[in-house]
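See below for data_33.cif, which holds mmCIF, C-alpha atoms.
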```
data_run
#
loop_
_atom_site.label_atom_id
_atom_site.label_comp_id
_atom_site.auth_asym_id
_atom_site.auth_seq_id
_atom_site.Cartn_x
_atom_site.Cartn_y
_atom_site.Cartn_z
CA MET A 977 -62.65 -10.36 -5.28
CA ALA A 978 -60.74 -7.69 -7.20
CA LYS A 979 -59.53 -6.22 -3.91
CA LYS A 980 -58.17 -9.63 -2.76
CA LYS A 981 -56.33 -10.05 -6.04
CA LYS A 982 -54.88 -6.57 -5.71
CA ARG A 983 -53.65 -7.34 -2.20
CA ARG A 984 -52.09 -10.62 -3.41
CA ASP A 985 -50.32 -8.82 -6.28
CA SER A 986 -49.07 -6.20 -3.86
CA ALA A 987 -47.72 -8.90 -1.50
CA THR A 988 -45.99 -10.68 -4.38
CA TYR A 989 -44.42 -7.40 -5.47
CA GLY A 990 -43.23 -6.78 -1.92
CA GLU A 991 -41.60 -10.23 -1.73
CA GLU A 992 -39.88 -9.70 -5.07
CA GLU A 993 -38.66 -6.27 -3.96
CA GLU A 994 -37.28 -7.75 -0.72
CA GLU A 995 -35.54 -10.54 -2.66
CA LEU A 996 -33.98 -8.00 -5.03
CA HIS A 997 -32.90 -5.92 -2.03
CA ASN A 998 -31.25 -8.98 -0.44
CA GLN A 999 -29.51 -9.78 -3.70
CA ASP A 1000 -28.23 -6.20 -3.91
CA ASN A 1001 -26.99 -6.41 -0.32
CA GLY A 1002 -25.25 -9.71 -1.08
CA ALA A 1003 -23.62 -8.24 -4.17
CA THR A 1004 -22.54 -5.18 -2.19
CA GLU A 1005 -20.99 -7.35 0.53
CA ASN A 1006 -19.17 -9.42 -2.10
CA ASN A 1007 -17.92 -6.24 -3.78
CA LYS A 1008 -16.72 -4.92 -0.42
CA LYS A 1009 -14.96 -8.22 0.29
CA ILE A 1010 -13.26 -8.18 -3.13
CA LYS A 1011 -12.23 -4.55 -2.59
CA ARG A 1012 -10.81 -5.36 0.87
CA ASN A 1013 -8.79 -8.26 -0.59
CA GLU A 1014 -7.50 -6.06 -3.41
CA GLU A 1015 -6.51 -3.32 -0.94
CA GLN A 1016 -4.76 -5.90 1.26
CA ASN A 1017 -2.83 -7.36 -1.70
CA THR A 1018 -1.88 -3.86 -2.88
CA LYS A 1019 -0.76 -2.99 0.64
CA LYS A 1020 1.44 -6.11 0.74
CA SER A 1021 3.03 -5.29 -2.60
CA ARG A 1022 3.71 -1.73 -1.38
CA ILE A 1023 5.75 -2.78 1.66
CA ARG A 1024 9.09 -1.06 1.20
CA THR A 1025 12.22 -1.92 3.17
CA VAL A 1026 15.29 -0.04 4.36
CA SER A 1027 18.50 -2.01 5.01
CA ILE A 1028 21.85 -0.96 6.41
CA ALA A 1029 25.23 -2.61 5.82
CA VAL A 1030 27.85 -2.43 8.59
CA PRO A 1031 31.41 -3.85 8.68
CA GLY A 1032 32.02 -6.45 11.39
CA SER A 1033 35.57 -5.12 11.77
CA ILE A 1034 34.35 -2.20 13.91
CA ILE A 1035 34.06 -4.64 16.83
CA ASP A 1036 37.79 -5.38 16.68
CA ASN A 1037 38.56 -1.73 17.46
CA ALA A 1038 36.74 -1.89 20.82
CA GLN A 1039 39.14 -2.05 23.75
CA SER A 1040 37.13 -4.49 25.87
CA LEU A 1041 34.23 -6.93 25.69
CA GLU A 1042 32.01 -4.45 27.54
CA LEU A 1043 32.79 -1.62 25.09
CA ALA A 1044 32.23 -3.97 22.13
CA THR A 1045 28.84 -4.92 23.59
CA ARG A 1046 27.87 -1.27 24.07
CA LEU A 1047 28.91 -0.51 20.47
CA ALA A 1048 26.66 -3.31 19.16
CA GLY A 1049 23.86 -2.03 21.40
CA GLN A 1050 24.11 1.44 19.84
CA ILE A 1051 23.67 -0.04 16.36
CA ALA A 1052 20.66 -2.07 17.51
CA ARG A 1053 19.06 1.00 19.14
CA ALA A 1054 19.62 3.21 16.08
CA SER A 1055 18.20 0.53 13.76
CA THR A 1056 15.07 0.15 15.89
CA ILE A 1057 14.49 3.89 16.36
CA PHE A 1058 14.65 4.46 12.60
CA ARG A 1059 12.65 1.30 11.71
CA ILE A 1060 15.42 -0.54 9.82
CA ASP A 1061 14.23 -3.83 8.33
CA GLU A 1062 17.57 -5.55 7.73
CA ILE A 1063 21.11 -5.23 9.10
CA VAL A 1064 23.82 -6.76 6.89
CA VAL A 1065 27.13 -7.39 8.70
CA PHE A 1066 29.94 -7.73 6.17
CA ASP A 1067 33.63 -8.62 6.18
CA ASN A 1068 36.38 -7.34 3.90
CA LYS A 1069 36.88 -10.69 2.18
CA SER A 1070 36.52 -11.74 -1.44
CA SER A 1071 34.94 -15.03 -0.45
CA GLY A 1072 34.08 -16.98 2.67
CA MET A 1073 31.23 -18.30 4.72
CA TYR A 1074 30.04 -17.19 8.11
CA ASP A 1075 30.01 -19.93 10.73
CA SER A 1076 28.35 -19.09 14.05
CA ARG A 1077 30.82 -21.46 15.73
CA VAL A 1078 33.85 -19.40 14.66
CA THR A 1079 35.71 -18.08 17.70
CA THR A 1080 38.87 -16.10 18.22
CA ALA A 1081 41.95 -18.30 18.11
CA GLY A 1082 43.05 -19.70 21.45
CA ASP A 1083 39.90 -18.69 23.38
CA GLU A 1084 38.70 -21.69 25.34
CA ASP A 1085 35.64 -19.85 26.69
CA GLY A 1086 34.15 -19.39 23.21
CA SER A 1087 34.75 -15.65 22.94
CA GLU A 1088 33.96 -14.20 19.52
CA SER A 1089 35.22 -11.18 17.65
CA GLY A 1090 34.23 -9.20 14.58
CA SER A 1091 31.16 -10.25 12.61
CA PRO A 1092 30.13 -13.32 14.68
CA PHE A 1093 30.11 -11.22 17.86
CA LEU A 1094 28.17 -8.34 16.30
CA ILE A 1095 25.59 -10.68 14.75
CA ARG A 1096 25.03 -12.51 18.05
CA ILE A 1097 24.43 -9.27 20.01
CA LEU A 1098 22.16 -7.78 17.32
CA GLU A 1099 20.03 -10.94 17.14
CA TYR A 1100 19.88 -11.23 20.93
CA LEU A 1101 18.67 -7.64 21.39
CA GLU A 1102 16.05 -7.95 18.62
CA THR A 1103 14.54 -11.01 20.34
CA PRO A 1104 11.76 -10.30 22.90
CA GLN A 1105 13.06 -10.69 26.46
CA TYR A 1106 10.77 -13.61 27.34
CA LEU A 1107 12.23 -15.72 24.49
CA ARG A 1108 15.94 -15.13 25.07
CA LYS A 1109 16.60 -17.96 27.56
CA SER A 1110 15.01 -20.48 25.19
CA LEU A 1111 16.73 -19.25 22.03
CA PHE A 1112 20.17 -18.16 23.30
CA PRO A 1113 22.30 -20.55 25.39
CA ARG A 1114 24.75 -19.01 27.86
CA HIS A 1115 27.71 -17.57 25.98
CA ASN A 1116 30.71 -15.46 26.91
CA SER A 1117 29.83 -12.89 24.24
CA LEU A 1118 26.57 -12.16 26.08
CA ARG A 1119 28.22 -11.38 29.42
CA PHE A 1120 27.49 -7.64 29.33
CA VAL A 1121 24.16 -7.51 27.46
CA GLY A 1122 22.38 -6.81 30.75
CA LEU A 1123 23.99 -3.34 30.76
CA LEU A 1124 22.34 -2.35 27.48
CA PRO A 1125 19.11 -0.34 27.26
CA PRO A 1126 16.20 -2.40 25.86
CA LEU A 1127 15.05 -1.81 22.29
CA ASP A 1128 11.40 -1.63 23.45
CA ALA A 1129 10.21 -2.42 19.92
CA PRO A 1130 6.47 -3.03 19.24
CA HIS A 1131 6.99 -6.83 19.26
CA HIS A 1132 8.62 -6.69 22.72
CA LEU A 1133 5.27 -6.95 24.50
CA ARG A 1134 4.94 -7.14 28.28
CA LYS A 1135 3.21 -10.02 30.03
CA HIS A 1136 0.04 -7.98 30.68
CA GLU A 1137 -0.20 -6.56 27.14
CA TRP A 1138 -2.39 -7.99 24.41
CA GLY A 1139 -1.55 -7.49 20.76
CA PRO A 1140 -2.83 -8.83 17.42
CA PHE A 1141 0.50 -10.68 17.05
CA ARG A 1142 3.15 -12.03 19.40
CA GLU A 1143 6.54 -13.65 18.91
CA GLY A 1144 6.82 -17.11 20.44
CA VAL A 1145 8.94 -20.24 20.69
CA THR A 1146 7.64 -23.77 20.10
CA LEU A 1147 7.75 -26.18 23.08
CA LYS A 1148 8.39 -29.93 23.53
CA GLU A 1149 5.27 -30.41 25.67
CA LYS A 1150 2.53 -32.33 23.83
CA THR A 1151 -0.98 -30.89 23.60
CA LEU A 1152 -3.82 -32.75 25.37
CA SER A 1153 -5.53 -33.58 22.09
CA SER A 1154 -2.23 -34.30 20.28
CA VAL A 1155 -3.26 -31.63 17.79
CA GLY A 1156 -0.97 -28.69 17.08
CA THR A 1157 1.98 -27.41 19.12
CA TYR A 1158 2.32 -25.47 22.37
CA VAL A 1159 4.00 -22.07 21.97
CA ASP A 1160 5.35 -19.79 24.68
CA VAL A 1161 4.31 -16.25 23.68
CA GLY A 1162 5.19 -14.60 26.98
CA LEU A 1163 1.69 -14.71 28.52
CA SER A 1164 0.47 -16.40 31.72
CA LYS A 1165 -0.40 -19.52 29.69
CA ASN A 1166 1.06 -21.11 26.59
CA VAL A 1167 -1.05 -21.01 23.43
CA VAL A 1168 -1.67 -23.78 20.91
CA ILE A 1169 -1.00 -23.33 17.19
CA GLU A 1170 -2.54 -25.40 14.40
CA ASP A 1171 0.77 -26.67 13.00
CA LYS A 1172 2.97 -29.49 14.27
CA LEU A 1173 6.42 -27.91 14.60
CA GLU A 1174 9.72 -29.01 16.14
CA PRO A 1175 10.58 -27.47 19.54
CA GLY A 1176 12.83 -24.42 19.87
CA LYS A 1177 11.60 -22.69 16.73
CA ARG A 1178 10.79 -18.97 16.83
CA VAL A 1179 7.43 -18.14 15.26
CA THR A 1180 5.09 -15.17 14.80
CA VAL A 1181 1.62 -16.02 16.13
CA ALA A 1182 -1.62 -14.27 15.10
CA MET A 1183 -3.42 -13.78 18.43
CA GLY A 1184 -6.67 -12.28 17.15
CA THR A 1185 -9.14 -10.66 19.56
CA ASN A 1186 -10.17 -13.74 21.56
CA ARG A 1187 -8.19 -13.55 24.80
CA HIS A 1188 -9.15 -17.04 25.93
CA LEU A 1189 -5.89 -18.99 26.32
CA GLY A 1190 -7.36 -22.49 26.54
CA ALA A 1191 -5.96 -25.39 24.53
CA ASP A 1192 -9.19 -25.50 22.50
CA GLN A 1193 -8.43 -22.08 20.98
CA LEU A 1194 -6.08 -22.79 18.06
CA ARG A 1195 -3.89 -19.92 16.85
CA LYS A 1196 -2.20 -19.51 13.49
CA VAL A 1197 1.50 -19.05 12.66
CA VAL A 1198 2.06 -16.25 10.14
CA PRO A 1199 5.14 -14.92 8.29
CA PHE A 1200 7.38 -12.46 10.19
CA SER A 1201 6.30 -9.72 7.74
CA THR A 1202 2.53 -10.06 8.42
CA PRO A 1203 2.31 -7.59 11.37
CA ARG A 1204 3.76 -4.89 9.15
CA GLU A 1205 1.71 -5.84 6.09
CA GLU A 1206 -1.62 -6.02 7.90
CA GLU A 1207 -1.26 -3.58 10.81
CA GLY A 1208 1.60 -1.31 9.74
CA LEU A 1209 3.59 -2.36 12.83
CA TYR A 1210 7.38 -2.18 12.88
CA TRP A 1211 8.34 -5.75 13.81
CA GLY A 1212 12.10 -5.60 14.30
CA TYR A 1213 15.01 -6.24 11.98
CA LYS A 1214 16.56 -9.31 10.38
CA VAL A 1215 20.35 -9.85 10.55
CA ARG A 1216 22.34 -11.23 7.62
CA TYR A 1217 26.05 -11.95 7.08
CA ALA A 1218 27.99 -11.11 3.90
CA SER A 1219 31.62 -12.12 3.35
CA SER A 1220 32.38 -8.98 1.31
CA ILE A 1221 30.83 -5.71 0.21
CA SER A 1222 29.89 -7.26 -3.18
CA SER A 1223 28.15 -10.13 -1.36
CA VAL A 1224 25.92 -7.56 0.35
CA PHE A 1225 24.36 -6.91 -3.09
CA LYS A 1226 24.63 -10.41 -4.59
CA GLU A 1227 22.98 -12.20 -1.66
CA CYS A 1228 20.14 -9.73 -1.18
CA PRO A 1229 17.09 -11.72 0.05
CA TYR A 1230 14.57 -9.47 -1.69
CA GLU A 1231 13.21 -10.27 -5.13
CA GLY A 1232 14.90 -8.02 -7.66
CA GLY A 1233 17.60 -6.98 -5.18
CA TYR A 1234 18.14 -3.48 -3.80
CA ASP A 1235 16.80 -0.98 -6.31
CA HIS A 1236 18.61 1.99 -4.77
CA THR A 1237 21.92 1.90 -2.91
CA ILE A 1238 23.64 4.67 -0.94
CA GLY A 1239 27.22 4.72 0.33
CA THR A 1240 28.23 7.09 3.14
CA SER A 1241 31.68 8.69 3.46
CA GLU A 1242 33.43 11.95 4.29
CA HIS A 1243 34.59 11.83 0.62
CA GLY A 1244 30.99 11.70 -0.64
CA THR A 1245 28.93 14.45 -2.25
CA ILE A 1246 27.53 17.07 0.11
CA VAL A 1247 23.76 17.52 -0.21
CA HIS A 1248 21.64 19.08 2.52
CA SER A 1249 19.01 16.69 3.87
CA MET A 1250 16.16 19.03 2.90
CA ASP A 1251 17.44 19.12 -0.69
CA LEU A 1252 18.04 15.37 -1.00
CA THR A 1253 15.67 13.45 -3.26
CA ILE A 1254 15.69 9.67 -2.99
CA PRO A 1255 14.05 8.02 -6.01
CA LYS A 1256 11.06 5.74 -5.54
CA PHE A 1257 12.30 2.40 -4.21
CA SER A 1258 11.12 -1.00 -3.05
CA HIS A 1259 14.29 -1.97 -1.20
CA LEU A 1260 16.78 0.70 -0.14
CA LEU A 1261 20.31 -0.06 1.11
CA ILE A 1262 22.50 2.37 3.08
CA ALA A 1263 26.12 1.22 3.57
CA PHE A 1264 28.65 2.33 6.19
CA GLY A 1265 32.41 1.85 6.19
CA GLY A 1266 34.82 0.85 8.94
CA LEU A 1267 37.96 2.59 10.19
CA ALA A 1268 39.31 3.14 6.64
CA GLY A 1269 35.89 3.74 5.07
CA LEU A 1270 33.98 2.00 2.29
CA GLU A 1271 36.86 2.73 -0.09
CA GLU A 1272 38.97 0.05 1.63
CA SER A 1273 36.14 -2.51 1.50
CA ILE A 1274 35.76 -1.91 -2.24
CA GLU A 1275 39.52 -2.07 -2.86
CA GLU A 1276 39.87 -5.42 -1.03
CA ASP A 1277 36.96 -7.02 -2.91
CA ASP A 1278 38.16 -8.90 -6.02
CA SER A 1279 34.73 -8.55 -7.62
CA LEU A 1280 35.00 -4.76 -7.48
CA LYS A 1281 38.68 -4.31 -8.42
CA GLY A 1282 39.28 -1.08 -10.32
CA LYS A 1283 35.92 0.44 -9.36
CA ASN A 1284 35.45 3.53 -7.27
CA ALA A 1285 32.66 4.11 -4.77
CA ASN A 1286 30.61 6.25 -7.18
CA GLU A 1287 30.42 3.26 -9.55
CA VAL A 1288 29.46 0.78 -6.81
CA PHE A 1289 26.64 2.85 -5.26
CA ASP A 1290 23.79 4.80 -6.87
CA SER A 1291 24.58 7.69 -4.50
CA TYR A 1292 27.72 8.39 -2.48
CA LEU A 1293 27.05 11.01 0.18
CA ASN A 1294 28.71 12.89 3.01
CA THR A 1295 26.00 13.01 5.69
CA CYS A 1296 28.04 15.05 8.17
CA PRO A 1297 29.98 17.82 6.41
CA ASN A 1298 32.21 20.28 8.32
CA GLN A 1299 32.80 17.78 11.10
CA GLY A 1300 34.76 19.00 14.12
CA SER A 1301 36.51 15.69 14.77
CA ARG A 1302 38.93 14.20 12.26
CA THR A 1303 37.07 10.89 12.57
CA ILE A 1304 33.47 9.84 13.05
CA ARG A 1305 33.06 6.37 14.51
CA THR A 1306 30.79 3.99 12.57
CA GLU A 1307 28.24 3.73 15.39
CA GLU A 1308 28.10 7.55 15.47
CA ALA A 1309 27.83 7.74 11.68
CA ILE A 1310 24.84 5.37 11.75
CA PHE A 1311 22.86 7.62 14.11
CA ILE A 1312 23.85 10.79 12.23
CA SER A 1313 23.10 9.31 8.80
CA LEU A 1314 19.78 7.67 9.67
CA GLN A 1315 18.59 11.01 11.06
CA TYR A 1316 19.88 12.71 7.89
CA PHE A 1317 17.98 10.23 5.66
CA HIS A 1318 14.82 10.11 7.80
CA GLU A 1319 12.91 12.97 6.14
CA PRO A 1320 14.02 12.25 2.54
CA ILE A 1321 12.94 8.60 2.96
CA ASN A 1322 9.57 9.64 4.41
CA ARG A 1323 9.01 12.10 1.54
CA THR A 1324 9.73 9.35 -1.00
CA LEU A 1325 7.39 6.89 0.75
CA GLN A 1326 4.59 9.46 0.95
CA ASN A 1327 4.93 10.33 -2.75
CA ALA A 1328 4.96 6.62 -3.65
CA GLU A 1329 1.55 6.17 -1.99
CA VAL A 1330 -0.05 8.93 -4.10
#
```
Could you show the structure in this file as structure tokens?
Amino acid sequence: MAKKKKRRDSATYGEEEEELHNQDNGATENNKKIKRNEEQNTKKSRIRTVSIAVPGSIIDNAQSLELATRLAGQIARASTIFRIDEIVVFDNKSSGMYDSRVTTAGDEDGSESGSPFLIRILEYLETPQYLRKSLFPRHNSLRFVGLLPPLDAPHHLRKHEWGPFREGVTLKEKTLSSVGTYVDVGLSKNVVIEDKLEPGKRVTVAMGTNRHLGADQLRKVVPFSTPREEEGLYWGYKVRYASSISSVFKECPYEGGYDHTIGTSEHGTIVHSMDLTIPKFSHLLIAFGGLAGLEESIEEDDSLKGKNANEVFDSYLNTCPNQGSRTIRTEEAIFISLQYFHEPINRTLQNAEV
């Protein structure tokens, strides 16, 4: 009898121990989940951006539509190679609004010049090839884009490639169940997203790991920034217009604005790239001038009257000292400068993570 009781007590103890073990496992899983969420939120808050500002007037110096297109293509390539998040195209005006319908006077074929032209080419090249026909109607400004080398950015996926995210465009076609919206993401079949959206809208779709493309597999639309926040993927650049150099700062889309700004000029301070220290930043802006430099843009801006470049920017640097040519074209300056800033920016980002 005593032995039976002992066995029963032992069994009860074993059940209690197992229950405690399960509770511990559950608590551990919850703790892991909380930690993962905290890490993800921290990662999102740590996303730092680099923007460049370029004058639209550089297009007007090109001698033909083909050369203007190639110039814009160089800026797009440089921005993609060096992982630029935002390109701001600015004019030398004190006020004004950009209208995508603005064309050069007297052109019946809809030819553009300056900022509208540059913005159109930059946006076209950033868009994955399989979306361009849907998002960009035929336009004279796009006549020579076929001559440009592709950006080949991570979001420019081929038809046979699978990725955790894809860019897509919403379609008119109704789904069989009348739930959600069909989206063309450049695969053999269209996918269905949960949301009901109007046709012709560009969206970023979370594809997940399930490669089944049936209408019963609903996908989710996520913000454009999600691929970078969750996977660390460079996902292209955004293009913004500013009517003046001061509007570049005032209309900054990031909360808190740009916390460090750099102007580039042959009249700037000479600091070797290896000796340059860029302070910790959330949103960095690097500005380039046109034919007459940033000085002219500042002088023509009523909001900045009486100020010199050193007062407008946190740093004003000469990124190509001892140049052999009397002039460096803006598209050349962008490549030279982004290479010059590449290591200092990386050092700052690495130190910020510590």
Around stretch 1207-1217 of chain A, fit a box with edges along x, y and z, padding it by 3 Å on each side, then list its centre and edge lengths in Å to one decimal as AutoDock Vina command-line options.
```
--center_x 12.4 --center_y -6.6 --center_z 10.7 --size_x 33.3 --size_y 16.6 --size_z 13.2
```
Query raised in the report: Distance atom CA of A:Leu1293-atom CA of A:Thr1253, one decimal place?
Result: 12.1 Å
Query raised in the report: Could you name the residues that touch A:Ile1023 at 12 Å or less, counting only C-alpha atoms, but leaving out those on the same chain fewer than 5 positions away, as a ChimeraX atom specification?
Result: /A:1016-1018,1061,1201-1210,1230,1257-1260,1325,1328-1329
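A straight line drawn from atom CA of A:Pro1140 to atom CA of A:Thr1157 is 19.3 Å long.
Distance annotation: of A:Gly1190, A:Pro1320, A:Gly1122, A:Gly1032, the residue with the minimal separation from A:Thr1151 is A:Gly1190; atom set is all atoms listed in the file.
Take the candidates A:Ile1034, A:Leu1189, A:Ile1310, A:Ala1218 and check each one against A:Ser1055 using all atoms listed in the file; the shortest distance goes to A:Ile1310.
Taking atom CA of A:Arg1046 as the reference point, atom CA of A:Phe1093 is found at 11.9 Å.
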**Report entry** Contacts of A:Asp1290 at 8 Å (all atoms listed in the file; same-chain gap of 3+ positions) as a PyMOL selection string
**Finding:** chain A and resi 1236-1239+1286-1287
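Under the PyMOL selection byres ((chain A and resi 1168-1170) around 9), the matching residues in the shown file are Thr1151, Val1155, Gly1156, Thr1157, Tyr1158, Val1159, Asp1160, Asn1166, Val1167, Asp1171, Lys1172, Val1181, Leu1189, Gly1190, Ala1191, Asp1192, Gln1193, Leu1194, Arg1195, Lys1196 and Val1197 of chain A.
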Query raised in the report: What does the PyMOL selection byres ((chain A and resi 1314) around 10) select in this file, as a PyMOL selection string?
Result: chain A and resi 1028+1054-1055+1057-1060+1262+1295+1309-1313+1315-1319+1321
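Each of A:Glu1308, A:Asp1128, A:Glu1099, A:Glu1062 was compared to A:Gly1266 using only C-alpha atoms, and A:Glu1308 turns out to be the nearest.
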Please, which residues are within 12 Å of (32.0, 5.0, 10.3) by the file's coordinates, counting all atoms listed in the file, and could they come as a PDB file with C-alpha atoms, in the coordinates of the input?
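Written file, point_26.pdb:
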```pdb
ATOM      1  CA  ALA A1029      25.230  -2.610   5.820  1.00  0.00           C
ATOM      2  CA  VAL A1030      27.850  -2.430   8.590  1.00  0.00           C
ATOM      3  CA  PRO A1031      31.410  -3.850   8.680  1.00  0.00           C
ATOM      4  CA  GLY A1032      32.020  -6.450  11.390  1.00  0.00           C
ATOM      5  CA  SER A1033      35.570  -5.120  11.770  1.00  0.00           C
ATOM      6  CA  ILE A1034      34.350  -2.200  13.910  1.00  0.00           C
ATOM      7  CA  ILE A1035      34.060  -4.640  16.830  1.00  0.00           C
ATOM      8  CA  ASN A1037      38.560  -1.730  17.460  1.00  0.00           C
ATOM      9  CA  LEU A1047      28.910  -0.510  20.470  1.00  0.00           C
ATOM     10  CA  ILE A1051      23.670  -0.040  16.360  1.00  0.00           C
ATOM     11  CA  GLY A1239      27.220   4.720   0.330  1.00  0.00           C
ATOM     12  CA  THR A1240      28.230   7.090   3.140  1.00  0.00           C
ATOM     13  CA  SER A1241      31.680   8.690   3.460  1.00  0.00           C
ATOM     14  CA  GLU A1242      33.430  11.950   4.290  1.00  0.00           C
ATOM     15  CA  ALA A1263      26.120   1.220   3.570  1.00  0.00           C
ATOM     16  CA  PHE A1264      28.650   2.330   6.190  1.00  0.00           C
ATOM     17  CA  GLY A1265      32.410   1.850   6.190  1.00  0.00           C
ATOM     18  CA  GLY A1266      34.820   0.850   8.940  1.00  0.00           C
ATOM     19  CA  LEU A1267      37.960   2.590  10.190  1.00  0.00           C
ATOM     20  CA  ALA A1268      39.310   3.140   6.640  1.00  0.00           C
ATOM     21  CA  GLY A1269      35.890   3.740   5.070  1.00  0.00           C
ATOM     22  CA  LEU A1270      33.980   2.000   2.290  1.00  0.00           C
ATOM     23  CA  GLU A1271      36.860   2.730  -0.090  1.00  0.00           C
ATOM     24  CA  ASN A1294      28.710  12.890   3.010  1.00  0.00           C
ATOM     25  CA  THR A1295      26.000  13.010   5.690  1.00  0.00           C
ATOM     26  CA  CYS A1296      28.040  15.050   8.170  1.00  0.00           C
ATOM     27  CA  ARG A1302      38.930  14.200  12.260  1.00  0.00           C
ATOM     28  CA  THR A1303      37.070  10.890  12.570  1.00  0.00           C
ATOM     29  CA  ILE A1304      33.470   9.840  13.050  1.00  0.00           C
ATOM     30  CA  ARG A1305      33.060   6.370  14.510  1.00  0.00           C
ATOM     31  CA  THR A1306      30.790   3.990  12.570  1.00  0.00           C
ATOM     32  CA  GLU A1307      28.240   3.730  15.390  1.00  0.00           C
ATOM     33  CA  GLU A1308      28.100   7.550  15.470  1.00  0.00           C
ATOM     34  CA  ALA A1309      27.830   7.740  11.680  1.00  0.00           C
ATOM     35  CA  ILE A1310      24.840   5.370  11.750  1.00  0.00           C
ATOM     36  CA  PHE A1311      22.860   7.620  14.110  1.00  0.00           C
ATOM     37  CA  ILE A1312      23.850  10.790  12.230  1.00  0.00           C
ATOM     38  CA  SER A1313      23.100   9.310   8.800  1.00  0.00           C
TER      39      SER A1313
END
```
Requested in this report: Would you mind listing what lies within 10 Å of A:Ile1274 as a count of residues only, with all atoms listed in the file counted and same-chain residues fewer than 4 positions away left out?
Outcome: 18
**Report entry** Spatial neighbours of A:Thr1180, max dist 7 Å, all atoms listed in the file, sep filter under 5 positions, as a list in words
**Finding:** Phe1141, Arg1142, Glu1143, Gly1144, Val1197, Val1198, Pro1199 and Phe1200 of chain A
Query raised in the report: Hey, what comes out of the PyMOL selection byres ((chain A and resi 1107) around 9) on this file? Could you write it as a ChimeraX atom specification?
Result: /A:1103-1106,1108-1112,1143-1145,1160-1162,1178
Report summary line: Between A:Pro1125, A:Gly1184, A:Gly1212, A:Gly1049, smallest distance to A:Glu1102 by all atoms listed in the file belongs to A:Gly1212
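Using all atoms listed in the file, the nearest neighbour of A:Lys1177 within the list A:Ser1223, A:Ser1301, A:Thr1146, A:Asn1116 is A:Thr1146.
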Report task. Have a look at A:Thr1045, A:Asn1322, A:Ser1273, A:Asn1186 and name the one nearest to A:Ser1249; count all atoms listed in the file. Result -> A:Asn1322
